[in-house]
Amino acid sequence: MADATRLKQLRRSGLGPPPPIEEARADLATSPDVVTDVVRPVPPEPPAPLPAAPRPGRIDGRTLRRSGRTVQFATRVSPEFDERLRQIAQRDGVLLVEVLERALDAYEASRQIVAR
């Protein structure tokens with residue numbers, strides 16, 4: 001079994017033991033940072049008003065990023081599929097998920113035509 005007695009010797013702090021409490025208190029009393037006045041509690045600040053809702057018709061960055069999608073969907077694809085998917089999304093200026101949603105819609109529409 002390994003000898004762990006040397007570990008305690010290696011973990012010694014280089015600072016030494018802390019000073020006695022009497023010495024520490026005397027030092028703090030002479031410090032220029034000590035407040036000698038009575039400290040009064042500061043009243044809490046009123047809560048900041050909520051930001052105004054965006055004006056109708058105004059689109060900001062958060063609105064552009066909001067998609068309503070909350071479920072993660074992860075899968076493994078070939079590098080070629082990934083490249084094609086990303087090229088289509090970039091070309092059309094849409095998100096990757098929008099390309100996949102459109103592909104699923106087209107697939108379902110084609111299945112309905114075949115079923116007739």
# chains A, B, ... in the order shown; residues from 1 in each chain; ligands from 1
>>> residues_around(residues="segment 91-106 of chain A", least_positions_apart="3", cutoff="10 Å", atoms="only C-alpha atoms", output="list in words")
Arg65, Ser67, Arg69, Phe73, Asp82, Leu85, Arg86, Gln87, Ile88, Ala109, Ser110, Arg111 and Gln112 of chain A
>>> atom_distance(atom1="atom CA of Val77 of chain A", atom2="atom CA of Val114 of chain A")
27.1 Å
>>> atom_distance(atom1="atom CA of Ile21 of chain A", atom2="atom CA of Arg40 of chain A")
27.4 Å
>>> atom_distance(atom1="atom CA of Gly68 of chain A", atom2="atom CA of Ala89 of chain A")
18.6 Å
